[in-house]
>>> print(open('run09.csv').read())   # CSV, C-alpha atoms
chain,number,residue,atom,x,y,z
A,27,MET,CA,93.8,87.4,60.5
A,28,GLU,CA,95.4,84.0,60.0
A,29,GLN,CA,97.2,83.7,56.6
A,30,HIS,CA,95.2,80.6,55.6
A,31,HIS,CA,92.0,82.5,56.4
A,32,TYR,CA,93.2,85.4,54.2
A,33,ALA,CA,93.9,83.0,51.4
A,34,HIS,CA,90.4,81.4,51.6
A,35,LEU,CA,88.7,84.8,51.6
A,36,LEU,CA,90.7,85.8,48.5
A,37,LEU,CA,89.6,82.7,46.7
A,38,GLN,CA,86.0,83.3,47.9
A,39,HIS,CA,86.0,86.8,46.4
A,40,LEU,CA,87.3,85.8,42.9
A,41,PRO,CA,84.7,86.7,40.3
A,42,ALA,CA,82.6,83.8,38.9
A,43,VAL,CA,84.2,81.2,41.3
A,44,GLY,CA,81.6,79.1,43.2
A,45,ALA,CA,82.0,76.5,45.9
A,46,ALA,CA,82.5,73.7,43.4
A,47,THR,CA,85.4,75.5,41.6
A,48,ARG,CA,87.1,76.3,44.9
A,49,ALA,CA,86.8,72.7,46.0
A,50,ARG,CA,88.4,71.5,42.8
A,51,LEU,CA,91.3,73.9,43.2
A,52,LEU,CA,91.8,72.8,46.8
A,53,GLU,CA,91.7,69.1,45.7
A,54,ARG,CA,94.3,69.9,43.0
A,55,PHE,CA,96.7,72.1,45.0
A,56,GLY,CA,96.1,71.1,48.6
A,57,SER,CA,95.4,74.4,50.2
A,58,ALA,CA,94.2,78.0,49.5
A,59,SER,CA,97.7,79.4,50.0
A,60,ALA,CA,99.1,76.9,47.5
A,61,VAL,CA,96.5,78.0,44.9
A,62,LEU,CA,97.6,81.6,45.3
A,63,GLU,CA,101.2,80.7,44.8
A,64,GLN,CA,100.4,79.5,41.3
A,65,ALA,CA,100.9,81.7,38.3
A,66,PRO,CA,97.5,83.0,37.2
A,67,GLU,CA,98.0,81.6,33.7
A,68,ARG,CA,98.4,78.1,35.2
A,69,LEU,CA,94.8,78.3,36.6
A,70,LYS,CA,93.1,78.9,33.2
A,71,ASP,CA,91.7,75.4,33.2
A,72,TRP,CA,89.8,76.1,36.4
A,73,LEU,CA,89.0,79.8,36.3
A,74,LYS,CA,87.1,82.1,34.0
A,75,PRO,CA,88.9,85.0,32.4
A,76,ASP,CA,87.6,87.5,34.9
A,77,ALA,CA,89.0,85.5,37.8
A,78,VAL,CA,92.4,85.1,36.1
A,79,SER,CA,92.5,88.9,35.4
A,80,ALA,CA,91.7,89.6,39.1
A,81,LEU,CA,94.5,87.3,40.2
A,82,LYS,CA,96.9,88.9,37.9
A,83,ALA,CA,96.0,92.3,39.3
A,84,TYR,CA,96.5,90.9,42.8
A,85,HIS,CA,99.9,89.5,41.9
A,86,ARG,CA,101.0,92.8,40.4
A,87,ALA,CA,100.0,94.9,43.5
A,88,PRO,CA,99.0,92.6,46.4
A,89,GLY,CA,98.6,95.6,48.7
A,90,ASP,CA,96.3,97.6,46.5
A,91,SER,CA,94.2,95.3,44.4
A,92,ALA,CA,90.4,95.0,44.3
A,93,LEU,CA,90.6,91.6,45.9
A,94,THR,CA,92.7,93.0,48.8
A,95,ASN,CA,90.3,95.8,49.3
A,96,ARG,CA,87.4,93.3,49.6
A,97,ILE,CA,89.3,91.3,52.2
A,98,MET,CA,90.1,94.4,54.2
A,99,LYS,CA,86.4,95.3,54.3
A,100,ASP,CA,85.7,91.7,55.6
A,101,ALA,CA,88.5,92.1,58.2
A,102,GLU,CA,87.1,95.4,59.4
A,103,TRP,CA,83.6,93.9,59.8
A,104,LEU,CA,85.0,90.9,61.7
A,105,SER,CA,86.9,93.1,64.0
A,106,ARG,CA,83.6,94.9,64.8
A,107,ASN,CA,81.9,91.6,65.4
A,108,PRO,CA,84.1,89.5,67.6
A,109,ASP,CA,81.4,87.0,68.2
A,110,VAL,CA,81.9,85.8,64.6
A,111,GLN,CA,84.9,83.5,63.9
A,112,LEU,CA,86.4,82.2,60.7
A,113,LEU,CA,86.9,78.5,60.6
A,114,SER,CA,88.8,76.8,57.7
A,115,VAL,CA,89.4,73.1,57.0
A,116,GLU,CA,93.0,73.6,58.2
A,117,ASP,CA,91.8,74.6,61.7
A,118,ASP,CA,91.8,72.1,64.6
A,119,HIS,CA,88.3,73.0,65.6
A,120,TYR,CA,86.8,72.4,62.2
A,121,PRO,CA,84.0,69.9,62.9
A,122,PRO,CA,85.3,66.4,62.2
A,123,LEU,CA,82.1,64.9,60.8
A,124,LEU,CA,81.8,67.8,58.3
A,125,LYS,CA,85.3,67.4,57.2
A,126,GLU,CA,84.5,63.8,56.1
A,127,ILE,CA,82.0,64.8,53.4
A,128,ARG,CA,82.9,65.2,49.8
A,129,ARG,CA,83.9,68.8,49.1
A,130,ALA,CA,83.4,70.1,52.6
A,131,PRO,CA,83.0,73.9,52.8
A,132,PRO,CA,86.6,75.2,53.0
A,133,LEU,CA,85.6,78.3,55.0
A,134,LEU,CA,82.9,78.7,57.6
A,135,TYR,CA,81.7,81.9,59.3
A,136,VAL,CA,80.6,80.9,62.8
A,137,ARG,CA,78.6,83.2,65.1
A,138,GLY,CA,78.5,81.8,68.7
A,139,SER,CA,80.1,78.7,70.0
A,140,VAL,CA,82.5,77.0,67.6
A,141,ASP,CA,82.6,74.0,70.0
A,142,ALA,CA,78.9,73.4,69.4
A,143,LEU,CA,79.7,72.3,65.9
A,144,SER,CA,81.6,69.3,67.2
A,145,LEU,CA,78.8,68.1,69.5
A,146,PRO,CA,76.8,65.0,68.5
A,147,GLN,CA,74.1,66.4,66.3
A,148,ILE,CA,70.8,65.4,64.7
A,149,ALA,CA,69.6,67.4,61.7
A,150,MET,CA,65.8,68.1,61.6
A,151,VAL,CA,64.2,69.3,58.4
A,152,GLY,CA,60.8,69.6,57.0
A,153,SER,CA,58.1,71.7,55.4
A,154,ARG,CA,58.0,75.5,55.7
A,155,ASN,CA,54.2,75.2,56.1
A,156,PRO,CA,53.8,72.1,58.3
A,157,SER,CA,50.5,70.8,59.6
A,158,VAL,CA,49.6,71.2,63.2
A,159,GLY,CA,50.9,67.6,63.8
A,160,GLY,CA,54.1,68.4,62.0
A,161,ARG,CA,54.8,71.4,64.2
A,162,ASP,CA,54.1,69.4,67.3
A,163,ASN,CA,56.3,66.6,66.1
A,164,ALA,CA,59.2,68.9,65.3
A,165,ARG,CA,59.0,70.6,68.7
A,166,GLN,CA,58.5,67.4,70.7
A,167,PHE,CA,61.2,65.3,68.9
A,168,ALA,CA,63.7,68.2,69.2
A,169,ALA,CA,63.0,68.6,72.9
A,170,PHE,CA,63.4,64.9,73.6
A,171,LEU,CA,66.6,64.5,71.6
A,172,ALA,CA,68.2,67.7,73.0
A,173,GLY,CA,67.3,66.6,76.5
A,174,ARG,CA,69.4,63.5,75.8
A,175,GLY,CA,72.5,65.2,74.7
A,176,PHE,CA,72.1,65.8,71.0
A,177,ALA,CA,72.5,69.2,69.5
A,178,ILE,CA,69.6,70.0,67.1
A,179,THR,CA,70.8,71.2,63.7
A,180,SER,CA,68.5,72.9,61.2
A,181,GLY,CA,68.3,75.9,58.8
A,182,LEU,CA,66.5,78.7,60.7
A,183,ALA,CA,63.8,78.7,58.1
A,184,THR,CA,60.1,79.1,58.9
A,185,GLY,CA,58.1,76.0,59.6
A,186,VAL,CA,59.7,72.8,60.9
A,187,ASP,CA,63.2,74.4,61.2
A,188,GLY,CA,61.9,77.0,63.6
A,189,PHE,CA,59.9,74.6,65.7
A,190,ALA,CA,63.0,72.2,65.9
A,191,HIS,CA,65.2,75.0,67.1
A,192,GLY,CA,62.5,76.1,69.5
A,193,GLY,CA,62.0,72.6,70.9
A,194,ALA,CA,65.7,72.3,71.7
A,195,LEU,CA,65.6,75.7,73.5
A,196,GLU,CA,62.6,74.7,75.5
A,197,VAL,CA,64.8,72.2,77.4
A,198,GLU,CA,67.8,74.5,77.4
A,199,GLY,CA,69.5,72.3,74.8
A,200,THR,CA,72.1,73.3,72.2
A,201,THR,CA,70.9,74.0,68.6
A,202,VAL,CA,72.9,75.0,65.5
A,203,ALA,CA,71.4,77.0,62.6
A,204,VAL,CA,73.0,76.7,59.1
A,205,VAL,CA,71.9,79.7,57.0
A,206,GLY,CA,71.8,80.3,53.3
A,207,THR,CA,72.9,84.0,53.5
A,208,GLY,CA,75.9,85.8,54.7
A,209,ILE,CA,76.4,85.6,58.5
A,210,ASP,CA,75.7,89.3,58.7
A,211,ARG,CA,72.1,88.8,57.6
A,212,VAL,CA,69.1,87.2,59.4
A,213,TYR,CA,66.7,85.4,57.1
A,214,PRO,CA,63.8,85.3,57.6
A,215,ALA,CA,63.8,88.6,59.5
A,216,ARG,CA,61.1,87.2,61.8
A,217,HIS,CA,63.6,84.8,63.2
A,218,ARG,CA,66.0,87.4,64.6
A,219,LYS,CA,64.9,86.7,68.2
A,220,LEU,CA,65.2,82.9,67.6
A,221,GLY,CA,68.7,83.4,66.3
A,222,ASN,CA,69.6,85.5,69.4
A,223,ASP,CA,68.1,82.8,71.7
A,224,ILE,CA,70.2,80.1,69.9
A,225,LEU,CA,73.3,82.1,70.6
A,226,ASP,CA,72.3,82.9,74.2
A,227,ASN,CA,71.9,79.2,74.9
A,228,GLY,CA,75.4,78.2,73.8
A,229,GLY,CA,74.5,77.3,70.2
A,230,ALA,CA,75.8,78.6,66.9
A,231,ILE,CA,74.8,80.2,63.6
A,232,VAL,CA,76.9,79.0,60.6
A,233,SER,CA,77.3,80.2,57.0
A,234,GLU,CA,79.7,79.3,54.2
A,235,PHE,CA,78.7,82.3,52.1
A,236,PRO,CA,80.6,85.6,51.9
A,237,LEU,CA,79.4,88.6,54.0
A,238,ASP,CA,76.5,90.5,52.6
A,239,THR,CA,75.2,87.5,50.6
A,240,ARG,CA,71.5,87.9,50.1
A,241,PRO,CA,69.0,85.0,50.1
A,242,GLN,CA,69.1,83.3,46.7
A,243,PRO,CA,67.2,80.1,45.8
A,244,ALA,CA,70.4,78.3,44.8
A,245,ASN,CA,72.0,79.0,48.2
A,246,PHE,CA,69.6,76.8,50.2
A,247,PRO,CA,70.2,73.4,48.6
A,248,GLN,CA,73.9,74.2,48.9
A,249,ARG,CA,73.7,74.9,52.6
A,250,ASN,CA,71.7,71.7,53.1
A,251,ARG,CA,74.8,69.5,52.6
A,252,ILE,CA,76.2,71.3,55.7
A,253,ILE,CA,73.1,70.6,57.8
A,254,SER,CA,73.4,66.9,57.0
A,255,GLY,CA,77.2,66.9,57.1
A,256,LEU,CA,77.4,68.1,60.6
A,257,SER,CA,75.0,65.5,61.8
A,258,GLY,CA,75.1,61.8,62.5
A,259,GLY,CA,71.5,61.5,61.2
A,260,THR,CA,68.8,63.5,59.5
A,261,LEU,CA,65.2,63.4,60.6
A,262,VAL,CA,62.6,64.5,58.0
A,263,VAL,CA,59.5,65.5,59.9
A,264,GLU,CA,57.2,66.5,57.0
A,265,ALA,CA,58.0,66.9,53.3
A,266,ALA,CA,56.3,67.1,50.0
A,267,LEU,CA,57.7,65.1,47.1
A,268,LYS,CA,59.5,68.1,45.7
A,269,SER,CA,61.1,69.9,48.7
A,270,GLY,CA,64.5,71.0,50.0
A,271,SER,CA,64.1,68.5,52.9
A,272,LEU,CA,64.4,65.6,50.5
A,273,ILE,CA,67.6,67.3,49.1
A,274,THR,CA,69.0,67.3,52.6
A,275,ALA,CA,68.0,63.6,53.0
A,276,ARG,CA,69.8,62.7,49.7
A,277,TYR,CA,72.9,64.5,50.9
A,278,ALA,CA,72.8,62.5,54.2
A,279,LEU,CA,72.6,59.3,52.3
A,280,GLN,CA,75.5,60.3,50.1
A,281,GLN,CA,77.5,61.1,53.2
A,282,ASN,CA,76.7,57.7,54.7
A,283,ARG,CA,74.6,59.2,57.5
A,284,GLU,CA,71.4,57.8,58.9
A,285,VAL,CA,68.1,59.1,57.5
A,286,PHE,CA,64.9,58.9,59.6
A,287,ALA,CA,61.4,59.8,58.5
A,288,ILE,CA,58.1,60.2,60.4
A,289,PRO,CA,55.2,58.6,58.6
A,290,GLY,CA,51.8,60.4,58.2
A,291,SER,CA,48.4,60.1,56.7
A,292,ILE,CA,48.2,58.9,53.2
A,293,HIS,CA,45.9,61.8,52.5
A,294,ASN,CA,48.5,64.4,53.7
A,295,PRO,CA,50.6,65.7,50.8
A,296,LEU,CA,53.3,66.7,53.3
A,297,ALA,CA,53.7,63.0,54.3
A,298,ARG,CA,54.5,61.8,50.8
A,299,GLY,CA,58.1,62.8,50.8
A,300,CYS,CA,58.6,60.9,54.1
A,301,HIS,CA,56.8,57.9,52.7
A,302,ARG,CA,59.0,57.9,49.6
A,303,LEU,CA,62.1,58.0,51.9
A,304,ILE,CA,60.9,55.1,53.9
A,305,ARG,CA,60.2,53.0,50.8
A,306,GLU,CA,63.8,53.8,49.7
A,307,GLY,CA,65.3,52.6,53.0
A,308,ALA,CA,65.0,55.5,55.5
A,309,THR,CA,64.2,54.4,59.0
A,310,LEU,CA,60.6,54.8,60.0
A,311,VAL,CA,60.3,56.4,63.4
A,312,GLU,CA,57.3,56.7,65.6
A,313,THR,CA,59.0,58.2,68.7
A,314,ALA,CA,62.2,60.1,69.3
A,315,ARG,CA,63.4,57.1,71.4
A,316,ASP,CA,63.6,55.2,68.1
A,317,ILE,CA,66.4,57.6,67.0
A,318,VAL,CA,68.1,57.5,70.4
A,319,GLU,CA,68.3,53.7,70.3
A,320,GLN,CA,69.7,53.6,66.8
A,321,LEU,CA,72.4,56.3,67.3
A,322,GLY,CA,73.9,55.3,70.6
A,323,GLY,CA,77.1,54.2,68.8
A,324,TYR,CA,77.4,57.5,67.0
A,325,LEU,CA,77.5,59.3,70.4
A,326,SER,CA,80.4,57.3,71.5
A,327,TYR,CA,82.2,57.9,68.2
A,328,GLN,CA,81.7,61.6,68.4
A,329,HIS,CA,83.1,61.8,71.9
A,330,GLY,CA,86.1,59.8,70.7
A,331,LEU,CA,86.9,62.5,68.2
A,332,LEU,CA,87.5,65.1,70.8
A,333,PRO,CA,91.2,65.9,71.2
A,334,PRO,CA,92.8,64.1,74.2
A,335,ASP,CA,93.5,67.4,76.1
A,336,GLU,CA,89.9,68.7,75.6
A,337,PRO,CA,87.3,67.3,77.9
A,338,ALA,CA,84.0,66.1,76.5
A,339,PRO,CA,81.3,68.8,76.7
A,340,ALA,CA,79.6,68.7,80.1
A,341,MET,CA,76.3,66.9,80.1
A,342,ASN,CA,73.8,68.0,82.8
A,343,LEU,CA,72.6,65.0,84.7
A,344,THR,CA,69.2,64.7,86.4
A,345,ASP,CA,69.0,63.8,90.0
A,346,ILE,CA,68.0,60.3,89.1
A,347,GLU,CA,70.9,59.9,86.6
A,348,GLN,CA,73.3,61.1,89.3
A,349,ARG,CA,71.9,58.6,91.7
A,350,ILE,CA,72.4,55.8,89.2
A,351,LEU,CA,76.0,57.0,88.5
A,352,ASP,CA,76.7,57.0,92.3
A,353,ALA,CA,75.2,53.5,92.6
A,354,LEU,CA,77.4,52.3,89.7
A,355,GLY,CA,80.6,53.4,91.3
A,356,HIS,CA,83.8,52.8,89.4
A,357,ASP,CA,83.6,49.1,88.5
A,358,PRO,CA,81.4,47.3,86.0
A,359,LEU,CA,78.0,46.1,87.3
A,360,ASP,CA,75.4,43.9,85.7
A,361,LEU,CA,71.8,45.3,85.4
A,362,ASP,CA,70.4,43.3,88.3
A,363,THR,CA,73.1,44.4,90.8
A,364,LEU,CA,72.8,48.0,89.7
A,365,ALA,CA,69.0,47.9,90.1
A,366,ASP,CA,69.6,46.6,93.7
A,367,ASN,CA,72.2,49.3,94.4
A,368,SER,CA,70.0,52.1,93.1
A,369,ALA,CA,66.7,50.8,94.5
A,370,MET,CA,65.1,51.0,91.1
A,371,ASP,CA,63.0,48.6,89.0
A,372,ILE,CA,64.6,47.2,85.9
A,373,GLY,CA,62.3,49.0,83.4
A,374,GLU,CA,62.9,52.5,84.9
A,375,LEU,CA,66.6,51.8,85.3
A,376,SER,CA,67.0,50.7,81.7
A,377,ALA,CA,65.4,53.9,80.4
A,378,HIS,CA,67.7,56.1,82.4
A,379,LEU,CA,70.7,54.0,81.5
A,380,MET,CA,69.9,54.7,77.8
A,381,SER,CA,69.9,58.4,78.5
A,382,LEU,CA,73.3,58.1,80.4
A,383,GLN,CA,74.8,56.2,77.4
A,384,ILE,CA,73.5,58.9,75.0
A,385,LYS,CA,75.2,61.6,77.2
A,386,GLY,CA,78.4,59.7,77.0
A,387,VAL,CA,78.7,59.0,80.7
A,388,VAL,CA,78.0,55.3,80.8
A,389,GLU,CA,78.7,52.5,78.4
A,390,GLU,CA,77.6,48.8,78.2
A,391,THR,CA,80.5,46.3,77.9
A,392,ALA,CA,80.8,42.5,78.1
A,393,ALA,CA,81.4,42.9,81.9
A,394,GLY,CA,78.2,45.0,82.4
A,395,PHE,CA,77.6,48.7,82.7
A,396,GLU,CA,80.4,51.0,83.6
A,397,ARG,CA,81.5,54.7,83.6
A,398,THR,CA,83.1,56.0,80.4
A,399,ALA,CA,86.5,57.6,80.6
A,400,ALA,CA,84.8,61.0,80.6
A,401,ALA,CA,83.0,60.1,83.8
A,402,ARG,CA,85.9,58.6,85.7
A,403,VAL,CA,86.9,61.8,87.5
>>> encode(input="run09.csv", output="structure tokens")
Amino acid sequence: MEQHHYAHLLLQHLPAVGAATRARLLERFGSASAVLEQAPERLKDWLKPDAVSALKAYHRAPGDSALTNRIMKDAEWLSRNPDVQLLSVEDDHYPPLLKEIRRAPPLLYVRGSVDALSLPQIAMVGSRNPSVGGRDNARQFAAFLAGRGFAITSGLATGVDGFAHGGALEVEGTTVAVVGTGIDRVYPARHRKLGNDILDNGGAIVSEFPLDTRPQPANFPQRNRIISGLSGGTLVVEAALKSGSLITARYALQQNREVFAIPGSIHNPLARGCHRLIREGATLVETARDIVEQLGGYLSYQHGLLPPDEPAPAMNLTDIEQRILDALGHDPLDLDTLADNSAMDIGELSAHLMSLQIKGVVEETAAGFERTAAARV
């Protein structure tokens, strides 16, 4: 186990120390290892007496303290579950967008693909008891967006979350589930198969909570900041005026991310949260294409965050998209010339060009349309 992972686990297991306290300690001292180097007495302004006592016991006997025993149990569990990785803010593969948020989770447990966390993502949230229309919208919007290169991020809950994950999987897209329990638990239990399908399709399940953390009401608003923090935008499908979905939307706004909302009937109580968001400045969307058009720049930004020696994630092209790319060649072309080269009408070509831009393969410049660096191979 990496030393900085060990230090983060130790802080995580301190009694009566929550995410906010750990964040303040990291802000003050710079790293988990630096916190542990401090004399316990110096940390009295941040820690409760039980936590200070636990640290004193650790400093007296680092190899045989209660804290050490807890970490060893975690290490044994991780060794038996090699599909779960620890990811701390010090790690190169920590998702760049999540690192930008205020008090980003210092430690993540990731089951599945760590790389999936750095893909361009759209968060989708909504009611746990959606209407028939809400279920259809969640599934259809997720399928459309996943088919155009976005990973769909949600919370594995019943309702809109489950339909959003399922919609992405229908088109073999990538989806990320952020959970409010320990990574060793599946909640709700009925979504065990859905969780396995997410992993089998190259996605990830993520938690910031210690192993064996049970579902507690306070955990879910806390995990919502990760759902929005991983994503360039958050789509609220259906939400009552008092709901966790609105909490996620508020986090997205605080994180300077886009918020989208689907309007509904004035007689539907599950539309009222969306209507409030729209009145407060969220973007009203009627089709998933509205989101694609608004977030094209975000896709380019995300691909630019990938390390130079790491290629952008492969985007599967349709036969028509490959035909357009072949017609484009390696020099900029205006729309009319590209339409002639590809033998397509302007309207159909424009729609496919939008998809190619979302996938990060083509970009529009002053000289016309041209391949991105990722496609110049």
>>> residues_around(input="run09.csv", residues="Val318 of chain A", least_positions_apart="2", cutoff="9 Å", atoms="only C-alpha atoms", output="list of chain:residue names")
A:Leu171, A:Arg174, A:Ala314, A:Arg315, A:Asp316, A:Gln320, A:Leu321, A:Gly322, A:Met380, A:Ser381, A:Ile384
>>> atom_distance(input="run09.csv", atom1="atom CA of Pro156 of chain A", atom2="atom CA of Gln281 of chain A")
26.6 Å
>>> atom_distance(input="run09.csv", atom1="atom CA of Leu73 of chain A", atom2="atom CA of Leu51 of chain A")
9.4 Å
>>> closest_residue(input="run09.csv", among="A:Asp362, A:Glu234, A:Glu306, A:Asp117", to="Asp210 of chain A", atoms="all atoms listed in the file")
A:Glu234
>>> atom_distance(input="run09.csv", atom1="atom CA of Arg96 of chain A", atom2="atom CA of Ile231 of chain A")
22.9 Å
>>> closest_residue(input="run09.csv", among="A:Ala77, A:Glu389, A:Ile288, A:Trp72", to="Asp360 of chain A", atoms="all atoms listed in the file")
A:Glu389
>>> closest_residue(input="run09.csv", among="A:Arg283, A:Arg137, A:Arg240, A:Lys70", to="Asp109 of chain A", atoms="all atoms listed in the file")
A:Arg137
>>> closest_residue(input="run09.csv", among="A:Leu112, A:Leu379, A:Ala392, A:Val151", to="Leu182 of chain A", atoms="all atoms listed in the file")
A:Val151
>>> closest_residue(input="run09.csv", among="A:Gly44, A:Phe170, A:Ala177, A:Ala215", to="Val197 of chain A", atoms="all atoms listed in the file")
A:Phe170
>>> residues_around(input="run09.csv", residues="Leu220 of chain A", least_positions_apart="5", cutoff="12 Å", atoms="all atoms listed in the file", output="ChimeraX atom specification")
/A:181-184,187-196,201-203,212-215,225-227,229-231
>>> residues_around(input="run09.csv", residues="Ile148 of chain A", least_positions_apart="2", cutoff="10 Å", atoms="all atoms listed in the file", output="number ranges by chain")
A: 145-146, 150-151, 168, 171-172, 176-180, 201-202, 253-254, 256-261, 284-285, 317, 321
>>> axis_aligned_box(input="run09.csv", around="segment 106-123 of chain A", padding_each_side="3 Å", output="AutoDock Vina command-line options")
--center_x 87.2 --center_y 79.9 --center_z 62.6 --size_x 17.6 --size_y 36.0 --size_z 17.2
>>> residues_near_point(input="run09.csv", point="(89.7, 91.5, 48.2)", cutoff="12 Å", atoms="all atoms listed in the file", output="VMD selection string")
chain A and resid 32 to 41 80 to 81 83 to 84 87 to 101 236
>>> build_atoms(input="run09.csv", residues="segment 344-366 of chain A", atoms="N, CA and C atoms", output="PDB file, in the coordinates of the input")
ATOM      1  N   THR A 344      70.318  64.563  85.444  1.00  0.00           N
ATOM      2  CA  THR A 344      69.200  64.700  86.400  1.00  0.00           C
ATOM      3  C   THR A 344      69.561  64.107  87.704  1.00  0.00           C
ATOM      4  N   ASP A 345      68.737  64.380  88.703  1.00  0.00           N
ATOM      5  CA  ASP A 345      69.000  63.800  90.000  1.00  0.00           C
ATOM      6  C   ASP A 345      68.992  62.281  89.978  1.00  0.00           C
ATOM      7  N   ILE A 346      68.065  61.715  89.199  1.00  0.00           N
ATOM      8  CA  ILE A 346      68.000  60.300  89.100  1.00  0.00           C
ATOM      9  C   ILE A 346      69.231  59.698  88.400  1.00  0.00           C
ATOM     10  N   GLU A 347      69.671  60.384  87.344  1.00  0.00           N
ATOM     11  CA  GLU A 347      70.900  59.900  86.600  1.00  0.00           C
ATOM     12  C   GLU A 347      72.096  59.983  87.522  1.00  0.00           C
ATOM     13  N   GLN A 348      72.205  61.025  88.334  1.00  0.00           N
ATOM     14  CA  GLN A 348      73.300  61.100  89.300  1.00  0.00           C
ATOM     15  C   GLN A 348      73.265  60.015  90.297  1.00  0.00           C
ATOM     16  N   ARG A 349      72.052  59.698  90.736  1.00  0.00           N
ATOM     17  CA  ARG A 349      71.900  58.600  91.700  1.00  0.00           C
ATOM     18  C   ARG A 349      72.318  57.270  91.102  1.00  0.00           C
ATOM     19  N   ILE A 350      72.002  57.046  89.839  1.00  0.00           N
ATOM     20  CA  ILE A 350      72.400  55.800  89.200  1.00  0.00           C
ATOM     21  C   ILE A 350      73.950  55.776  89.052  1.00  0.00           C
ATOM     22  N   LEU A 351      74.534  56.908  88.684  1.00  0.00           N
ATOM     23  CA  LEU A 351      76.000  57.000  88.500  1.00  0.00           C
ATOM     24  C   LEU A 351      76.680  56.694  89.862  1.00  0.00           C
ATOM     25  N   ASP A 352      76.126  57.253  90.940  1.00  0.00           N
ATOM     26  CA  ASP A 352      76.700  57.000  92.300  1.00  0.00           C
ATOM     27  C   ASP A 352      76.575  55.517  92.636  1.00  0.00           C
ATOM     28  N   ALA A 353      75.442  54.924  92.295  1.00  0.00           N
ATOM     29  CA  ALA A 353      75.200  53.500  92.600  1.00  0.00           C
ATOM     30  C   ALA A 353      76.157  52.617  91.767  1.00  0.00           C
ATOM     31  N   LEU A 354      76.496  53.073  90.587  1.00  0.00           N
ATOM     32  CA  LEU A 354      77.400  52.300  89.700  1.00  0.00           C
ATOM     33  C   LEU A 354      78.800  52.239  90.228  1.00  0.00           C
ATOM     34  N   GLY A 355      79.226  53.324  90.859  1.00  0.00           N
ATOM     35  CA  GLY A 355      80.600  53.400  91.300  1.00  0.00           C
ATOM     36  C   GLY A 355      81.586  53.381  90.176  1.00  0.00           C
ATOM     37  N   HIS A 356      82.744  52.746  90.362  1.00  0.00           N
ATOM     38  CA  HIS A 356      83.800  52.800  89.400  1.00  0.00           C
ATOM     39  C   HIS A 356      84.165  51.445  88.786  1.00  0.00           C
ATOM     40  N   ASP A 357      83.350  50.437  89.066  1.00  0.00           N
ATOM     41  CA  ASP A 357      83.600  49.100  88.500  1.00  0.00           C
ATOM     42  C   ASP A 357      82.345  48.660  87.744  1.00  0.00           C
ATOM     43  N   PRO A 358      82.527  47.770  86.754  1.00  0.00           N
ATOM     44  CA  PRO A 358      81.400  47.300  86.000  1.00  0.00           C
ATOM     45  C   PRO A 358      80.372  46.570  86.866  1.00  0.00           C
ATOM     46  N   LEU A 359      79.088  46.784  86.580  1.00  0.00           N
ATOM     47  CA  LEU A 359      78.000  46.100  87.300  1.00  0.00           C
ATOM     48  C   LEU A 359      77.006  45.580  86.306  1.00  0.00           C
ATOM     49  N   ASP A 360      76.433  44.396  86.595  1.00  0.00           N
ATOM     50  CA  ASP A 360      75.400  43.900  85.700  1.00  0.00           C
ATOM     51  C   ASP A 360      74.070  44.645  86.100  1.00  0.00           C
ATOM     52  N   LEU A 361      73.053  44.493  85.264  1.00  0.00           N
ATOM     53  CA  LEU A 361      71.800  45.300  85.400  1.00  0.00           C
ATOM     54  C   LEU A 361      71.116  44.969  86.732  1.00  0.00           C
ATOM     55  N   ASP A 362      71.057  43.697  87.119  1.00  0.00           N
ATOM     56  CA  ASP A 362      70.400  43.300  88.300  1.00  0.00           C
ATOM     57  C   ASP A 362      71.018  43.942  89.577  1.00  0.00           C
ATOM     58  N   THR A 363      72.361  43.863  89.620  1.00  0.00           N
ATOM     59  CA  THR A 363      73.100  44.400  90.800  1.00  0.00           C
ATOM     60  C   THR A 363      72.909  45.932  90.838  1.00  0.00           C
ATOM     61  N   LEU A 364      72.956  46.566  89.674  1.00  0.00           N
ATOM     62  CA  LEU A 364      72.800  48.000  89.700  1.00  0.00           C
ATOM     63  C   LEU A 364      71.374  48.401  90.078  1.00  0.00           C
ATOM     64  N   ALA A 365      70.384  47.591  89.705  1.00  0.00           N
ATOM     65  CA  ALA A 365      69.000  47.900  90.100  1.00  0.00           C
ATOM     66  C   ALA A 365      68.906  47.768  91.660  1.00  0.00           C
ATOM     67  N   ASP A 366      69.583  46.771  92.252  1.00  0.00           N
ATOM     68  CA  ASP A 366      69.600  46.600  93.700  1.00  0.00           C
ATOM     69  C   ASP A 366      70.269  47.845  94.360  1.00  0.00           C
TER      70      ASP A 366
END
